Every structure is written in structure tokens, then in C-alpha cells.
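Have a look at structure_29.cif; it's mmCIF, C-alpha atoms:
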data_coords
loop_
_atom_site.label_atom_id
_atom_site.label_comp_id
_atom_site.auth_asym_id
_atom_site.auth_seq_id
_atom_site.Cartn_x
_atom_site.Cartn_y
_atom_site.Cartn_z
CA MET Q 1393 -58.25 95.40 -100.79
CA GLU Q 1394 -54.47 95.36 -100.44
CA THR Q 1395 -52.12 95.66 -97.51
CA THR Q 1396 -48.63 97.00 -98.11
CA ILE Q 1397 -45.77 95.48 -96.14
CA ASP Q 1398 -42.66 97.63 -96.15
CA ASP Q 1399 -40.26 95.01 -94.79
CA LYS Q 1400 -39.90 91.33 -95.59
CA PRO Q 1401 -41.56 89.12 -92.95
CA SER Q 1402 -39.33 86.65 -91.15
CA ILE Q 1403 -42.38 84.39 -90.65
CA LEU Q 1404 -45.57 84.26 -92.74
CA THR Q 1405 -48.45 81.88 -92.07
CA LEU Q 1406 -52.25 81.52 -92.00
CA ALA Q 1407 -54.76 80.92 -89.21
CA ASP Q 1408 -58.53 80.62 -88.82
CA GLY Q 1409 -60.05 83.79 -87.42
CA PRO Q 1410 -63.63 84.32 -86.21
CA GLN Q 1411 -64.58 85.87 -89.56
CA GLY Q 1412 -62.39 83.76 -91.82
CA THR Q 1413 -58.76 83.26 -92.74
CA VAL Q 1414 -56.18 85.54 -91.12
CA VAL Q 1415 -52.69 86.22 -92.46
CA LEU Q 1416 -50.10 86.34 -89.68
CA ALA Q 1417 -46.66 87.83 -90.23
CA VAL Q 1418 -43.67 88.57 -88.05
CA ILE Q 1419 -42.04 91.79 -89.26
CA ASN Q 1420 -38.98 93.11 -87.44
CA GLY Q 1421 -39.91 90.80 -84.58
CA THR Q 1422 -43.48 92.11 -84.17
CA LEU Q 1423 -46.53 89.94 -84.79
CA HIS Q 1424 -49.10 91.37 -87.23
CA GLY Q 1425 -52.39 90.03 -88.55
CA TRP Q 1426 -54.71 90.89 -91.44
CA THR Q 1427 -58.00 89.56 -92.72
CA MET Q 1428 -58.37 88.51 -96.35
CA LEU Q 1429 -59.91 91.96 -96.97
CA GLY Q 1430 -56.67 93.62 -95.94
CA GLU Q 1431 -58.00 94.89 -92.62
CA ASP Q 1432 -56.10 94.59 -89.35
CA ALA Q 1433 -57.04 91.42 -87.48
CA MET Q 1434 -57.48 91.48 -83.72
CA LEU Q 1435 -54.73 89.49 -82.03
CA PRO Q 1436 -55.03 87.79 -78.62
CA LEU Q 1437 -51.95 89.60 -77.39
CA GLN Q 1438 -49.41 92.09 -78.70
CA ALA Q 1439 -46.13 90.30 -79.29
CA SER Q 1440 -42.71 91.72 -80.09
CA GLY Q 1441 -39.31 90.09 -80.37
CA VAL Q 1442 -40.96 86.97 -81.84
CA ILE Q 1443 -38.40 84.29 -82.73
CA ALA Q 1444 -40.74 81.37 -83.51
CA LEU Q 1445 -44.41 81.10 -84.51
CA VAL Q 1446 -46.75 78.27 -85.45
CA THR Q 1447 -50.51 78.02 -86.05
CA ASN Q 1448 -53.07 75.24 -86.02
CA GLY Q 1449 -56.58 76.27 -86.99
CA ALA Q 1450 -57.49 79.23 -84.79
CA GLU Q 1451 -54.69 78.52 -82.33
CA LEU Q 1452 -51.21 80.01 -82.39
CA ALA Q 1453 -48.07 79.53 -80.36
CA TRP Q 1454 -44.96 81.69 -80.29
CA ALA Q 1455 -41.75 82.41 -78.42
CA THR Q 1456 -39.98 85.73 -77.89
CA GLU Q 1457 -36.35 86.69 -77.45
CA ASP Q 1458 -36.89 88.12 -73.97
CA ARG Q 1459 -38.30 84.76 -72.76
CA PRO Q 1460 -36.69 82.27 -75.14
CA LEU Q 1461 -37.68 79.16 -73.17
CA ASP Q 1462 -41.36 80.08 -72.78
CA VAL Q 1463 -44.11 79.34 -75.28
CA ARG Q 1464 -47.18 81.57 -75.43
CA MET Q 1465 -50.34 79.82 -76.64
CA ALA Q 1466 -53.51 81.67 -77.63
CA ARG Q 1467 -56.57 81.54 -79.85
CA LEU Q 1468 -57.78 84.09 -82.38
CA GLY Q 1469 -61.02 85.70 -81.29
CA THR Q 1470 -60.03 85.65 -77.62
CA SER Q 1471 -57.73 87.78 -75.48
CA GLY Q 1472 -54.74 86.74 -73.42
CA ALA Q 1473 -52.36 83.82 -73.71
CA LEU Q 1474 -51.22 80.76 -71.78
CA THR Q 1475 -47.51 80.59 -70.96
CA VAL Q 1476 -45.76 77.21 -71.03
CA PRO Q 1477 -42.18 77.18 -69.67
CA LEU Q 1478 -40.15 74.45 -71.34
CA ASN Q 1479 -37.55 72.16 -69.80
CA ALA Q 1480 -34.95 70.98 -72.31
CA SER Q 1481 -32.82 69.04 -69.81
CA ALA Q 1482 -31.63 65.57 -70.78
CA THR Q 1483 -30.90 62.73 -68.37
CA PRO Q 1484 -27.94 63.20 -65.98
CA GLU Q 1485 -26.08 60.47 -67.86
CA GLN Q 1486 -26.56 62.19 -71.22
CA GLU Q 1487 -25.55 65.58 -69.82
CA ALA Q 1488 -22.45 64.02 -68.26
CA GLU Q 1489 -21.46 62.37 -71.53
CA MET Q 1490 -21.74 65.68 -73.39
CA LEU Q 1491 -19.60 67.27 -70.69
CA GLY Q 1492 -17.03 64.53 -71.26
CA TRP Q 1493 -17.01 65.44 -74.95
CA GLY Q 1494 -16.18 69.01 -73.99
CA LEU Q 1495 -19.55 70.10 -75.38
CA PRO Q 1496 -21.79 70.76 -72.37
CA ALA Q 1497 -25.38 71.80 -72.99
CA ASP Q 1498 -26.33 75.27 -71.74
CA VAL Q 1499 -29.91 74.42 -70.79
CA ASP Q 1500 -30.50 77.52 -68.68
CA ASN Q 1501 -29.80 79.76 -71.67
CA GLY Q 1502 -31.60 77.64 -74.23
CA THR Q 1503 -33.58 79.22 -77.07
CA ILE Q 1504 -36.66 77.98 -78.91
CA ILE Q 1505 -35.92 77.99 -82.64
CA ASP Q 1506 -38.91 76.09 -84.06
CA LEU Q 1507 -42.44 75.12 -83.01
CA GLU Q 1508 -45.10 72.63 -84.09
CA LEU Q 1509 -48.68 72.55 -82.77
CA SER Q 1510 -51.67 70.21 -82.86
CA GLN Q 1511 -54.86 69.93 -80.83
CA THR Q 1512 -53.17 67.52 -78.43
CA HIS Q 1513 -49.47 68.35 -78.44
CA LEU Q 1514 -46.89 71.10 -78.74
CA VAL Q 1515 -43.37 70.39 -79.96
CA ALA Q 1516 -40.43 72.77 -79.67
CA VAL Q 1517 -36.92 72.60 -81.05
CA VAL Q 1518 -34.68 74.10 -78.36
CA ASN Q 1519 -31.08 75.07 -79.00
CA VAL Q 1520 -28.93 74.53 -75.91
CA SER Q 1521 -25.70 75.85 -77.46
CA THR Q 1522 -24.15 72.56 -78.60
CA VAL Q 1523 -27.21 70.58 -79.67
CA ASP Q 1524 -30.83 71.12 -80.74
CA ARG Q 1525 -33.29 69.17 -78.61
CA LEU Q 1526 -36.90 68.21 -79.22
CA VAL Q 1527 -39.32 68.89 -76.35
CA LEU Q 1528 -42.80 67.34 -76.50
CA TYR Q 1529 -45.57 68.93 -74.40
CA GLU Q 1530 -48.83 67.03 -73.88
CA ARG Q 1531 -51.49 69.69 -73.61
CA ALA Q 1532 -54.19 67.73 -71.78
CA LEU Q 1533 -51.87 66.51 -69.01
CA GLY Q 1534 -49.48 69.44 -68.89
CA THR Q 1535 -46.48 67.10 -69.02
CA MET Q 1536 -43.37 67.29 -71.17
CA HIS Q 1537 -40.28 65.26 -72.01
CA LEU Q 1538 -37.48 65.07 -74.55
CA ILE Q 1539 -37.89 63.06 -77.71
CA GLY Q 1540 -34.88 60.94 -78.59
CA ASP Q 1541 -31.41 61.05 -77.06
CA GLY Q 1542 -30.53 64.47 -75.68
CA LYS Q 1543 -26.94 64.13 -76.90
CA TYR Q 1544 -27.95 64.20 -80.56
CA SER Q 1545 -29.63 66.97 -82.54
CA ALA Q 1546 -33.20 66.82 -83.86
CA ALA Q 1547 -35.13 69.17 -86.14
CA ASP Q 1548 -38.15 69.61 -88.43
CA PRO Q 1549 -40.94 68.35 -86.12
CA ALA Q 1550 -44.22 67.48 -87.86
CA LEU Q 1551 -47.29 66.37 -85.90
CA GLY Q 1552 -50.06 64.10 -87.16
CA VAL Q 1553 -52.70 61.89 -85.59
CA ASP Q 1554 -50.87 59.87 -82.90
CA VAL Q 1555 -47.50 60.41 -84.59
CA LEU Q 1556 -44.60 62.85 -84.57
CA ALA Q 1557 -42.13 62.83 -87.45
CA TYR Q 1558 -38.79 64.58 -87.22
CA THR Q 1559 -35.25 64.71 -88.58
CA GLY Q 1560 -32.56 63.24 -86.37
CA TRP Q 1561 -28.84 62.45 -86.20
CA ASP Q 1562 -28.73 59.49 -83.83
CA HIS Q 1563 -25.33 58.11 -82.75
CA LEU Q 1564 -23.38 61.01 -84.30
CA ASN Q 1565 -20.53 61.54 -81.85
CA PRO Q 1566 -19.26 65.06 -82.63
CA ILE Q 1567 -15.72 64.38 -81.40
CA ASN Q 1568 -15.40 61.03 -83.19
CA PRO Q 1569 -17.96 61.02 -86.01
CA GLU Q 1570 -18.52 57.87 -88.05
CA THR Q 1571 -19.33 58.31 -91.73
CA LYS Q 1572 -22.45 56.12 -91.54
CA TYR Q 1573 -24.00 58.50 -88.98
CA LEU Q 1574 -23.27 61.79 -90.74
CA ASP Q 1575 -26.52 61.84 -92.71
CA SER Q 1576 -29.86 62.86 -91.22
CA GLU Q 1577 -32.68 60.33 -90.94
CA ILE Q 1578 -36.46 60.54 -90.62
CA HIS Q 1579 -37.80 59.31 -87.29
CA LEU Q 1580 -41.38 58.44 -86.33
CA HIS Q 1581 -42.48 58.74 -82.71
CA ASP Q 1582 -45.73 57.01 -81.75
CA LEU Q 1583 -47.54 59.38 -79.40
CA SER Q 1584 -49.76 56.62 -78.01
CA THR Q 1585 -46.95 54.22 -77.05
CA ASN Q 1586 -44.08 56.72 -76.67
CA LEU Q 1587 -41.91 54.55 -78.93
CA THR Q 1588 -39.64 55.87 -81.68
CA GLU Q 1589 -38.50 54.12 -84.85
CA VAL Q 1590 -36.13 55.19 -87.62
CA LEU Q 1591 -38.03 55.35 -90.89
CA THR Q 1592 -34.87 55.67 -92.99
CA ALA Q 1593 -31.52 54.05 -92.18
CA ASP Q 1594 -29.03 54.60 -94.97
CA THR Q 1595 -26.24 56.97 -96.06
CA ARG Q 1596 -28.51 59.53 -97.74
CA ASP Q 1597 -29.75 62.73 -96.13
CA GLN Q 1598 -33.50 62.84 -95.43
CA TRP Q 1599 -35.19 65.83 -93.85
CA SER Q 1600 -38.26 68.09 -93.64
CA PRO Q 1601 -41.02 65.50 -93.05
CA THR Q 1602 -44.71 66.27 -93.49
CA VAL Q 1603 -47.37 64.03 -91.91
CA LEU Q 1604 -50.53 63.31 -93.90
CA GLU Q 1605 -53.39 61.01 -92.96
CA GLU Q 1606 -51.93 57.97 -94.74
CA HIS Q 1607 -48.47 59.08 -95.83
CA ILE Q 1608 -45.21 60.66 -94.64
CA ILE Q 1609 -43.58 62.97 -97.18
CA PHE Q 1610 -39.95 64.05 -96.86
CA LEU Q 1611 -37.00 65.30 -98.89
CA GLU Q 1612 -34.01 63.14 -99.79
CA ARG Q 1613 -30.60 64.01 -101.21
CA SER Q 1614 -28.95 61.40 -103.42
CA ALA Q 1615 -25.24 60.61 -103.74
CA SER Q 1616 -25.16 62.85 -106.83
CA ASP Q 1617 -26.49 65.72 -104.69
CA GLU Q 1618 -29.93 65.69 -106.32
CA THR Q 1619 -32.94 66.41 -104.11
CA SER Q 1620 -36.14 64.42 -104.54
CA VAL Q 1621 -39.48 64.08 -102.75
CA ARG Q 1622 -40.08 60.72 -101.11
CA ILE Q 1623 -43.48 59.37 -100.06
CA TYR Q 1624 -43.85 56.70 -97.39
CA SER Q 1625 -47.16 54.90 -96.90
CA ARG Q 1626 -48.41 54.64 -93.32
CA GLU Q 1627 -50.59 51.63 -94.18
CA VAL Q 1628 -49.91 48.57 -92.05
CA VAL Q 1629 -47.97 46.29 -94.38
CA LEU Q 1630 -47.67 43.53 -91.78
CA GLN Q 1631 -51.38 42.68 -91.86
CA PRO Q 1632 -51.31 40.26 -94.86
CA TYR Q 1633 -48.19 38.62 -93.44
CA SER Q 1634 -49.82 38.32 -90.04
CA ASN Q 1635 -52.92 36.73 -91.59
CA ALA Q 1636 -50.76 34.25 -93.48
CA VAL Q 1637 -48.84 33.35 -90.34
CA LEU Q 1638 -52.12 32.94 -88.47
CA GLN Q 1639 -53.50 30.61 -91.16
CA VAL Q 1640 -50.35 28.49 -91.24
CA GLY Q 1641 -50.27 28.37 -87.45
CA LEU Q 1642 -53.90 27.27 -87.34
CA MET Q 1643 -53.27 24.48 -89.86
CA VAL Q 1644 -50.25 23.25 -87.91
CA MET Q 1645 -52.24 23.34 -84.67
CA LEU Q 1646 -55.10 21.33 -86.23
CA ALA Q 1647 -52.65 18.78 -87.63
CA LEU Q 1648 -50.95 18.36 -84.26
CA THR Q 1649 -54.31 18.07 -82.52
CA PHE Q 1650 -55.45 15.40 -85.01
CA ALA Q 1651 -52.21 13.44 -84.56
CA TYR Q 1652 -52.60 13.65 -80.78
CA VAL Q 1653 -56.19 12.35 -80.94
CA VAL Q 1654 -55.17 9.46 -83.21
CA GLN Q 1655 -52.33 8.58 -80.83
CA ILE Q 1656 -54.70 8.57 -77.84
CA GLN Q 1657 -57.17 6.33 -79.68
CA GLN Q 1658 -54.43 3.87 -80.67
CA GLU Q 1659 -53.17 3.70 -77.09
CA ALA Q 1660 -56.72 3.10 -75.84
CA ARG Q 1661 -57.26 0.25 -78.32
CA GLY Q 1662 -53.93 -1.25 -77.30
CA ARG Q 1663 -54.92 -1.25 -73.62
CA ARG Q 1664 -58.26 -2.91 -74.41
CA THR Q 1665 -56.49 -5.65 -76.42
CA GLU Q 1666 -54.12 -6.36 -73.53
CA GLU Q 1667 -57.04 -6.59 -71.08
CA GLU Q 1668 -58.85 -9.08 -73.32
#
So that I can check it, write out the structure of this file as C-alpha cells.
Amino acid sequence: METTIDDKPSILTLADGPQGTVVLAVINGTLHGWTMLGEDAMLPLQASGVIALVTNGAELAWATEDRPLDVRMARLGTSGALTVPLNASATPEQEAEMLGWGLPADVDNGTIIDLELSQTHLVAVVNVSTVDRLVLYERALGTMHLIGDGKYSAADPALGVDVLAYTGWDHLNPINPETKYLDSEIHLHDLSTNLTEVLTADTRDQWSPTVLEEHIIFLERSASDETSVRIYSREVVLQPYSNAVLQVGLMVMLALTFAYVVQIQQEARGRRTEEE
């Protein structure tokens, strides 16, 4: 069977319905769903004015223009949705510094522009007029916080097991930009330790990361303006080095212990000779 769509969807994605795969589309702001047979799929809630949508298995999350700082979360095959209000405020120091730049963040009128969802976390990119901030929501605890420095923009969130990858522009002062900070970099945030590291630190643009089980895939633009796909292995490369250091350390420790024992024995023999 076929389903005819008169207008081009602004968002098109797939989800797992009770009877199989469901096609979800946002057309003129309204959320629609169809089964693979072309029949209308039952949605948890009617949604209009949709500005962002993401799915993960049977779950979906979306935001609407009438409540641009709220995320609705639901599951196909059920009715109703959970509403999660987001807080995109940075620290007072960061907000004050942006005010000093003449670029204050309008947090109260922020708008969700992108979403990412996993079984454990929800991530939203929130535009607060002068910067795009990354808000991480931990579903089990119901807590949330910003990822990175609230003064600098972030984008392209991608969730994996215990990791969040995203594109960031750390240290880019908009009123006094340095050339070395103009390019975007891929960041990895460890969800278990709440620590963030920069995966790339160079003068090339990297963006749009995807998290796989053992790899991070992202796009990179060269100096000649050519775009390529880069693959980063998540395997722990420090393990062989750590083993080598451990072996060397053990050998040194044994040598020092042996020398200490020999010294003690020599001192003991010397004392016995003096006593005789």
C-alpha cells in the first residue's frame, strides 16, 4: 500500500510500534504516523506546531512552538505524554560574562531546536538568542544540567552507552575571536563520570558525530574545503602502555627490594664481625 504526502515533511523518522515499524513525519508542524502498510498509526498524543522530534525504539520526544522549552516524551502503543520543562541557565558567572560581551542570553524565551534520546538520557539543544546550549536530562533521577561552558555554542548531540558526543566551539569569544578557536571540534562527555574531553583539537572543522558501540564517526572539512568521514576507535589504547609500565615498575621494585635485602645482610654480617 502507498500513502501520499502532499507537502514535504520538515522531519521524517522511524519508530518501533506495537505491530512493527512506524513512519513518523512532521508536516506543516503536525505530527503524523503510518505503518509500513500505509495505514494511519495510533499516536500517543496529537501534536501540532512541532519544532523538534526524536525517536528511540518505541519512544519519542518532541517540542512545540507554543511551549518551546518543554519536551513531551511518550511511547507508541500508549496514550498520553510526560512533560519535561528544561532549564537552560548557565552559571551566574557565565551569564555575567556574556552580559559583559553585550550578548546576554535570553533564557526565559529559549527555544528547543534539536533533541537526542536514549533509554537513560535526553539531550536538548536550546537556543537562548545569542548561543545554543546543551541540556542533559537524566531520566531515572529527573535531574538536568548544562554540558560544557554556557558561554559557547554546542550542537549535534549523539548519545551512546555511557557517552555523549557533540560539536562544540570552546573558547570562541564572539567579540574577540581567535583564529585557532573558529573551527568546531568533537567533544566526548562521559555520562558515568560527568567529565568532558575534546576528541579533536586542530584548525579543521569537525561536526555531526555518530556514536557506535566501538567507534565515533564524524565529518571533517579539510583546508581545501573537502569533506570527509572520519572514524575514531573507542578502544582503550592506554591498556598496552599501562601493562608495560606495570611490568617495568614491578621489575624496578623487585630490584630495589633485592638490593635492600643484600644491604641488610651485609650490615648484619658486619655487626657480627665487630662483636667477635
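Atom pair CA of Ser1481 in chain Q / CA of Leu1538 in chain Q: separated by 7.7 Å.
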Using all atoms listed in the file, which protein or nucleic acid residues come within 7 Å of Gly1472 in chain Q? Drop anything in the same chain fewer than 5 positions from it, and give the result as JSON, numbers by chain. {"Q": [1436, 1437, 1466]}
Rounded to one decimal in Å, what is the spacing between CA of Thr1413 in chain Q and CA of Leu1435 in chain Q?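 Those two atoms sit 13.0 Å apart.
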When the PyMOL selection byres ((chain Q and resi 1552) around 9) is applied to the structure above, which residues does it catch, written out as a ChimeraX atom specification? /Q:1510,1550-1551,1553-1557,1602-1605
From the set Q:Asp1408, Q:Glu1577, Q:Asp1594, Q:Asp1541, which residue has the shortest atom-to-atom contact distance to Pro1484 in chain Q, counting all atoms listed in the file?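 So, comparing all the options, the nearest one is Q:Asp1541.
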Two-atom distance - CA of Thr1456 in chain Q, CA of Val1442 in chain Q (Å):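 Straight-line distance from CA of Thr1456 in chain Q to CA of Val1442 in chain Q works out to 4.3 Å.
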At a cut-off of 6 Å, using only C-alpha atoms, what residues contact Val1463 in chain Q? Leave out same-chain residues fewer than 4 positions from it and give the result as a ChimeraX atom specification. /Q:1454-1455,1475-1476
Could the residues in this selection be written to a file with C-alpha atoms, as a PDB file, in the coordinates of the input?
ATOM      1  CA  TRP Q1454     -44.960  81.690 -80.290  1.00  0.00           C
ATOM      2  CA  ALA Q1455     -41.750  82.410 -78.420  1.00  0.00           C
ATOM      3  CA  THR Q1475     -47.510  80.590 -70.960  1.00  0.00           C
ATOM      4  CA  VAL Q1476     -45.760  77.210 -71.030  1.00  0.00           C
TER       5      VAL Q1476
END
Quick one: residues within 9 Å of Tyr1624 in chain Q, all atoms listed in the file counted, chain neighbours fewer than 3 positions away excluded, as a ChimeraX atom specification? /Q:1591,1606-1610
